[in-house]
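Q: Below: one structure in structure tokens.
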Amino acid sequence: MSDYSEFNKSRNSVGIVKKEYVIFSDKIMLESRMLFGPITIAYETYGTLNSDKSNAILILHALTGDSHVAGYYGEKDIKPGWWEFMVGPRKGIDTDKYFVICSNIISGCMGSTGPGSINPETSCPYATHFPLVTLGDMVTAQKKLIDHLGIEKLLAVIGGSIGGMQALAWSVKYPKTVISAILLATTARHSALAIAFNEVARQAIMADLNWNNGHYYDKKKPNAGLAVARMIGHITYLSDKSMRKKFGRRLQDKNNFSFNFSTDFQVENYLHYQGKKFVERFDANSFLYITKATDYFDFAREYGNDSLVMAFSKADAKFLVISFTSDWLYPTYQSKLMVKAMKKSGLDVSFCEIKADWGHDAFLLPSERFIEMIKNFLKNTYKEIFINSIRHKNPPVSSL
Amino acid sequence: MRYDLEIIASWIEENSKVLGLGCGEGDLLYFLKNKKNAAITGIEIDESKVAVCIEKGLSILQGDINEEVLDYPPNSFDYVILSQTLQQIYNPLKLINSILNIGKKVIVSFPNFSHWTIRMQLMFLGWAPISNQLPYEWYNTPNIRVITIKDFRKFARKLNLHILKETAINTQNDDKTGEIVKLFDNIRASYGIFLIERKT
């Protein structure tokens, strides 16, 4: 995912927010059958949990996101969270109505335990001694956070891209917890194309001599490699059309080619800028671990014995699946495959392919249709559970 | 709600499972969900209409009805509704057979091509008929099939189907009001609505 939030400042915001931390000292069992702990989880919450705890929504961030979905860290902070247009008072995910939670995934580098964290046994960063944490493991850790917050039911789990894959895992690992799941620009598993781009990005990092097999925390960091990895990723998040519109073949601060290897085109300058900005905030090892975990993710294999239908038959949630026309990283056909399997397993599912030129990143860009769809889906789901709870408490006289 | 949809709604029993094909903005499904406590699913190809349905709280899938109906196990629904869409289907026989597989009962409605105004146009003016129900020219019409009430009865016989109910109606210009046509329906009615099922 890219950074867009600075481009859409809004007066209507959750305001000043604070990153919280919780430490789970007992170990968790990873899918690789390894016990791992202790685990720190960084998270943020917005809005208020209601008295019957029925208004909690969990947002799951994508590859390079973090727990900072919305709001600002202080008065002077100019950059809001990554989904500021969607989350806030009276917005798509209305913090006046719902209690919104988002945590940094484990393996990440934005506060939760990851390869850059200190291993308590050695007092050094884990680096590549960090275990390979799967997306399912990330969800296991998120469930611990939800339990810690005393929440039994999630009105919705919502995620785009890798966040969508976590939402899928949530729906089958904890079917009793998840009332609805919103899957945005996501897939049940990576195509060869997606794995290929990830591998090129990883190779760029590992080819950087500073990477040093992952042990660089007290030395020079593999910034050149990580920047290239980011540039590759960034291309896959855009589309031919969006790049044509945004850059075309325009030159950067010049009228003629330089006839050397300095920056000529605007698109080059943009990618360099994105790469440079990224290395300031992201850890190269986290990038390796998360992309690998994402390539490994195979919803059907992990939860349905290679059958998508079997995997979905474990879920009980109501689904909303949204794809975007110009997303070539996780194209619409991949969403439709999931929808097909949900239909076969009798799940309540809605699907829409939204017309958007912005490629995979479209879920990070405001569009009225997109916002309204999420807002109303949540509103109706919330209404339905309310009606059901009343029916449950006061069964109709005829059935007594 | 449109008059023809009101009639269809009146045929559907409470607490049913209903699939609406080409459901548009979901007026009928919304009614069935809220007034008849039906578990509804809609299929619609147009993104903006799908968006409206989601906003109404309906479960809806964006897609081509000819393909989408193939994914459901047999007898998944109590009713499958194909309202005013049959005339736009490239392969009606295949679609009707598919929906008879996934629905215990099927409701089909279509504009009646043997209405007297249509006959008159062809007979006296000699051009491809244009009516309120079929308002397009031959070169821009999405309606590629011409169906009459008699034709549909013949079709049902050929497929060995039970016609459980049939109603012929005439609607006013706004389509909100109308009347049931009992006499000479194949000539006087603008729409035919059929409730069919397979003979067991």
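Identifiers for the structure tokens are assigned positionally: chains receive A, B, ... in sequence, residues are indexed from 1 per chain, and ligands are indexed from 1 in the order shown.
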Counting only C-alpha atoms, which residues in chain B sit no more than 6 Å from chain A? For each one, give the nearest pair of atoms and the distance in Å, sorted by chain then residue number, as a Markdown table.
A:
| residue | atom | partner | partner_atom | distance |
| --- | --- | --- | --- | --- |
| B:Glu55 | CA | A:Asn376 | CA | 4.9 |
| B:Gly57 | CA | A:Asn380 | CA | 5.3 |
| B:Ser59 | CA | A:Ser350 | CA | 5.0 |
| B:Ile60 | CA | A:Ser350 | CA | 4.6 |
| B:Leu61 | CA | A:Phe351 | CA | 4.6 |
| B:Gln62 | CA | A:Cys352 | CA | 5.3 |
| B:Tyr72 | CA | A:Lys344 | CA | 5.5 |
Q: Write the residues of the selection above to a file with C-alpha atoms, as a CSV table (one decimal), in the first residue's frame.
A:
chain,number,residue,atom,x,y,z
B,55,GLU,CA,-26.7,0.6,0.7
B,57,GLY,CA,-28.8,-3.7,3.2
B,59,SER,CA,-27.1,-9.2,-0.1
B,60,ILE,CA,-26.2,-8.7,-3.7
B,61,LEU,CA,-23.6,-10.0,-6.2
B,62,GLN,CA,-22.4,-8.1,-9.1
B,72,TYR,CA,-25.5,-22.7,-6.3
Q: Would you mind listing what lies within 9 Å of range 164-166 of chain B as a PyMOL selection string, with only C-alpha atoms counted and same-chain residues fewer than 5 positions away left out?
A: chain B and resi 11+192-197
Q: Extract, using only C-alpha atoms, all DNA, RNA and protein residues at most 7 Å from range 83-87 of chain B, discarding same-chain residues fewer than 6 positions from it, and format them as a list in words.
A: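 Neighbouring residues, sequence-local ones excluded: Gly22, Val108, Ser109, Phe110, Pro111, Asn143, Ile144, Arg145, Val146 and Ile147 of chain B.
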Q: Compare A:Gly150, A:Pro80, A:Pro115, A:Gly275 by their minimum atom-to-atom distance to His215 in chain A, counting only C-alpha atoms, and give me the closest one.
A: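 The answer is A:Pro115, which sits nearest to His215 in chain A.
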Q: Would you give me, as an MDAnalysis selection string, the residues in range 297-357 of chain A that DSSP reads as alpha helix (DSSP H)?
A: chainID A and resid 299:304 308:313 332:344
Q: How would the residues just chosen look if you wrote them out with C-alpha atoms as an mmCIF file, in the first residue's frame?
A:
data_model
loop_
_atom_site.group_PDB
_atom_site.id
_atom_site.type_symbol
_atom_site.label_atom_id
_atom_site.label_comp_id
_atom_site.auth_asym_id
_atom_site.auth_seq_id
_atom_site.Cartn_x
_atom_site.Cartn_y
_atom_site.Cartn_z
ATOM 1 C CA PHE A 299 -6.619 -19.927 2.403
ATOM 2 C CA ALA A 300 -7.889 -23.124 0.782
ATOM 3 C CA ARG A 301 -4.808 -25.155 1.655
ATOM 4 C CA GLU A 302 -4.586 -23.954 5.235
ATOM 5 C CA TYR A 303 -8.220 -24.070 6.200
ATOM 6 C CA GLY A 304 -10.017 -26.257 3.664
ATOM 7 C CA LEU A 308 -12.010 -22.980 -0.977
ATOM 8 C CA VAL A 309 -15.566 -24.191 -0.411
ATOM 9 C CA MET A 310 -14.461 -26.353 2.526
ATOM 10 C CA ALA A 311 -12.482 -23.457 3.976
ATOM 11 C CA PHE A 312 -15.453 -21.093 3.761
ATOM 12 C CA SER A 313 -17.767 -23.715 5.214
ATOM 13 C CA THR A 332 -11.290 -9.110 -9.814
ATOM 14 C CA TYR A 333 -11.291 -12.745 -10.918
ATOM 15 C CA GLN A 334 -9.526 -13.601 -7.653
ATOM 16 C CA SER A 335 -12.291 -11.957 -5.622
ATOM 17 C CA LYS A 336 -14.887 -13.744 -7.746
ATOM 18 C CA LEU A 337 -13.265 -17.107 -6.986
ATOM 19 C CA MET A 338 -13.759 -16.408 -3.292
ATOM 20 C CA VAL A 339 -17.341 -15.267 -3.858
ATOM 21 C CA LYS A 340 -18.105 -18.394 -5.865
ATOM 22 C CA ALA A 341 -16.863 -20.592 -3.012
ATOM 23 C CA MET A 342 -18.844 -18.554 -0.462
ATOM 24 C CA LYS A 343 -21.998 -19.069 -2.538
ATOM 25 C CA LYS A 344 -21.367 -22.796 -2.671
#
Q: At what distance in Å, to one decimal, does CA of Glu268 in chain A lie from CA of Ala62 in chain A?
A: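 Result for CA of Ala62 in chain A versus CA of Glu268 in chain A: 24.5 Å, one decimal.
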Q: With only C-alpha atoms as the atoms that count, which of A:Asp52, A:Glu152, A:Asp26, A:Glu44 lies nearest to Ala70 in chain A?
A: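 For Ala70 in chain A, the nearest of the given residues is A:Glu44.
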Q: Just the strand (DSSP E) stuff from range 114-286 of chain A, please, per backbone DSSP, written as a PyMOL selection string.
A: chain A and resi 118-119+124-125+156-160+180-184
Q: Once you have the residues from the selection above, write them out as a PDB file, in the first residue's frame, restricted to N, CA and C atoms.
A:
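result.pdb, freshly written:
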ATOM      1  N   ILE A 118      14.042  -6.617  20.397  1.00  0.00           N
ATOM      2  CA  ILE A 118      15.111  -7.257  21.168  1.00  0.00           C
ATOM      3  C   ILE A 118      14.651  -8.643  21.646  1.00  0.00           C
ATOM      4  N   ASN A 119      15.431  -9.628  21.344  1.00  0.00           N
ATOM      5  CA  ASN A 119      15.179 -10.978  21.830  1.00  0.00           C
ATOM      6  C   ASN A 119      15.595 -11.029  23.306  1.00  0.00           C
ATOM      7  N   CYS A 124      19.775  -9.040  22.078  1.00  0.00           N
ATOM      8  CA  CYS A 124      20.091  -8.472  20.759  1.00  0.00           C
ATOM      9  C   CYS A 124      18.811  -8.522  19.914  1.00  0.00           C
ATOM     10  N   PRO A 125      18.766  -7.727  18.831  1.00  0.00           N
ATOM     11  CA  PRO A 125      17.594  -7.857  17.957  1.00  0.00           C
ATOM     12  C   PRO A 125      17.493  -9.274  17.388  1.00  0.00           C
ATOM     13  N   ALA A 156     -17.437  -6.295  12.827  1.00  0.00           N
ATOM     14  CA  ALA A 156     -16.810  -6.486  11.514  1.00  0.00           C
ATOM     15  C   ALA A 156     -15.301  -6.587  11.664  1.00  0.00           C
ATOM     16  N   VAL A 157     -14.710  -7.422  10.825  1.00  0.00           N
ATOM     17  CA  VAL A 157     -13.269  -7.354  10.589  1.00  0.00           C
ATOM     18  C   VAL A 157     -13.120  -6.810   9.174  1.00  0.00           C
ATOM     19  N   ILE A 158     -12.265  -5.804   9.027  1.00  0.00           N
ATOM     20  CA  ILE A 158     -12.163  -5.114   7.739  1.00  0.00           C
ATOM     21  C   ILE A 158     -10.699  -5.019   7.341  1.00  0.00           C
ATOM     22  N   GLY A 159     -10.395  -5.440   6.118  1.00  0.00           N
ATOM     23  CA  GLY A 159      -9.014  -5.301   5.683  1.00  0.00           C
ATOM     24  C   GLY A 159      -8.888  -5.243   4.183  1.00  0.00           C
ATOM     25  N   GLY A 160      -7.901  -4.481   3.721  1.00  0.00           N
ATOM     26  CA  GLY A 160      -7.582  -4.427   2.295  1.00  0.00           C
ATOM     27  C   GLY A 160      -6.272  -5.137   2.061  1.00  0.00           C
ATOM     28  N   SER A 180     -19.274 -10.040  10.791  1.00  0.00           N
ATOM     29  CA  SER A 180     -19.168  -9.756   9.358  1.00  0.00           C
ATOM     30  C   SER A 180     -17.716  -9.483   8.988  1.00  0.00           C
ATOM     31  N   ALA A 181     -17.417  -9.696   7.725  1.00  0.00           N
ATOM     32  CA  ALA A 181     -16.052  -9.470   7.240  1.00  0.00           C
ATOM     33  C   ALA A 181     -16.115  -8.684   5.942  1.00  0.00           C
ATOM     34  N   ILE A 182     -15.310  -7.627   5.879  1.00  0.00           N
ATOM     35  CA  ILE A 182     -15.249  -6.828   4.654  1.00  0.00           C
ATOM     36  C   ILE A 182     -13.864  -7.022   4.040  1.00  0.00           C
ATOM     37  N   LEU A 183     -13.861  -7.587   2.845  1.00  0.00           N
ATOM     38  CA  LEU A 183     -12.605  -7.916   2.165  1.00  0.00           C
ATOM     39  C   LEU A 183     -12.419  -6.963   0.993  1.00  0.00           C
ATOM     40  N   LEU A 184     -11.327  -6.208   1.011  1.00  0.00           N
ATOM     41  CA  LEU A 184     -11.108  -5.195  -0.010  1.00  0.00           C
ATOM     42  C   LEU A 184      -9.858  -5.512  -0.818  1.00  0.00           C
TER      43      LEU A 184
END
Q: For Gly42 in chain B, list every protein, DNA or RNA residue within 12 Å, evaluated using only C-alpha atoms, and leave out those in the same chain fewer than 2 positions away; present the list as a PDB file with C-alpha atoms, in the first residue's frame.
A:
ATOM      1  CA  ASP A 348     -24.384 -14.522   2.983  1.00  0.00           C
ATOM      2  CA  VAL A 349     -22.151 -12.549   0.621  1.00  0.00           C
ATOM      3  CA  SER A 350     -22.295  -9.311  -1.315  1.00  0.00           C
ATOM      4  CA  PHE A 351     -19.835  -8.490  -4.051  1.00  0.00           C
ATOM      5  CA  CYS A 352     -19.103  -5.356  -6.014  1.00  0.00           C
TER       6      CYS A 352
ATOM      7  CA  LYS B  17     -35.254 -18.000   0.497  1.00  0.00           C
ATOM      8  CA  VAL B  18     -35.340 -15.880  -2.626  1.00  0.00           C
ATOM      9  CA  LEU B  19     -32.896 -15.193  -5.460  1.00  0.00           C
ATOM     10  CA  GLY B  20     -33.653 -12.156  -7.626  1.00  0.00           C
ATOM     11  CA  LEU B  21     -31.956 -12.131 -11.033  1.00  0.00           C
ATOM     12  CA  GLY B  22     -31.302  -8.785 -12.676  1.00  0.00           C
ATOM     13  CA  CYS B  23     -32.735  -7.229  -9.540  1.00  0.00           C
ATOM     14  CA  GLY B  24     -31.884  -3.607 -10.416  1.00  0.00           C
ATOM     15  CA  GLU B  25     -31.991  -1.364  -7.389  1.00  0.00           C
ATOM     16  CA  GLY B  26     -33.607  -4.104  -5.361  1.00  0.00           C
ATOM     17  CA  ASP B  27     -37.119  -2.669  -4.734  1.00  0.00           C
ATOM     18  CA  LEU B  28     -38.769  -6.083  -4.744  1.00  0.00           C
ATOM     19  CA  LEU B  29     -36.029  -7.763  -2.692  1.00  0.00           C
ATOM     20  CA  TYR B  30     -36.102  -4.955  -0.141  1.00  0.00           C
ATOM     21  CA  LEU B  32     -39.520  -9.215   0.568  1.00  0.00           C
ATOM     22  CA  LYS B  33     -36.750  -8.909   3.137  1.00  0.00           C
ATOM     23  CA  ALA B  39     -33.645 -14.372   3.079  1.00  0.00           C
ATOM     24  CA  ILE B  40     -32.768 -12.652  -0.139  1.00  0.00           C
ATOM     25  CA  GLU B  44     -27.162  -7.450 -10.868  1.00  0.00           C
ATOM     26  CA  ILE B  45     -24.539  -6.523 -13.420  1.00  0.00           C
ATOM     27  CA  ASP B  46     -24.612  -2.742 -13.130  1.00  0.00           C
ATOM     28  CA  LYS B  49     -27.340  -0.465  -9.005  1.00  0.00           C
ATOM     29  CA  VAL B  50     -25.292  -2.963  -6.984  1.00  0.00           C
ATOM     30  CA  ALA B  51     -24.091  -0.055  -4.856  1.00  0.00           C
ATOM     31  CA  VAL B  52     -27.690   1.048  -4.230  1.00  0.00           C
ATOM     32  CA  CYS B  53     -28.644  -2.494  -3.176  1.00  0.00           C
ATOM     33  CA  ILE B  54     -25.730  -2.732  -0.731  1.00  0.00           C
ATOM     34  CA  LYS B  56     -30.218  -0.764   1.238  1.00  0.00           C
ATOM     35  CA  GLY B  57     -28.753  -3.657   3.187  1.00  0.00           C
ATOM     36  CA  LEU B  58     -29.452  -6.292   0.563  1.00  0.00           C
ATOM     37  CA  SER B  59     -27.109  -9.177  -0.141  1.00  0.00           C
ATOM     38  CA  ILE B  60     -26.181  -8.688  -3.734  1.00  0.00           C
ATOM     39  CA  LEU B  61     -23.627 -10.017  -6.171  1.00  0.00           C
ATOM     40  CA  GLN B  62     -22.372  -8.074  -9.115  1.00  0.00           C
ATOM     41  CA  GLY B  63     -22.190 -10.367 -12.094  1.00  0.00           C
ATOM     42  CA  ASP B  64     -23.745 -11.934 -15.178  1.00  0.00           C
ATOM     43  CA  ILE B  65     -26.858 -13.889 -14.213  1.00  0.00           C
ATOM     44  CA  GLU B  68     -23.756 -16.597 -11.401  1.00  0.00           C
ATOM     45  CA  VAL B  69     -26.668 -19.048 -11.227  1.00  0.00           C
ATOM     46  CA  PHE B  77     -33.788 -21.237  -3.046  1.00  0.00           C
ATOM     47  CA  TYR B  79     -38.041 -18.936  -5.318  1.00  0.00           C
ATOM     48  CA  VAL B  80     -35.879 -17.657  -8.142  1.00  0.00           C
ATOM     49  CA  ILE B  81     -37.279 -14.519  -9.761  1.00  0.00           C
ATOM     50  CA  LEU B  82     -36.509 -13.505 -13.328  1.00  0.00           C
ATOM     51  CA  SER B  83     -38.465 -10.312 -13.716  1.00  0.00           C
TER      52      SER B  83
END
Q: Excluding Glu67 in chain B and residues on its chain fewer than 4 positions from it, collect all residues at most 10 Å away from it, counting only C-alpha atoms, and give them as a PyMOL selection string.
A: chain B and resi 63+71+95+98
Q: Could you turn the residues from that selection into a file that holds N, CA and C atoms, as a compact mmCIF listing (two decimals), in the first residue's frame?
A:
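Just written: out25.txt:
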# COMPACT_ATOMS: atom_id res chain seq x y z
N GLY B 63 -22.63 -9.36 -11.15
CA GLY B 63 -22.19 -10.37 -12.09
C GLY B 63 -23.24 -10.64 -13.15
N ASP B 71 -23.35 -21.41 -9.80
CA ASP B 71 -22.56 -21.72 -8.60
C ASP B 71 -23.37 -22.32 -7.45
N LEU B 95 -30.85 -20.83 -19.39
CA LEU B 95 -31.01 -20.09 -18.12
C LEU B 95 -32.18 -20.64 -17.33
N SER B 98 -31.28 -23.80 -15.75
CA SER B 98 -30.38 -23.59 -14.61
C SER B 98 -31.16 -23.14 -13.38
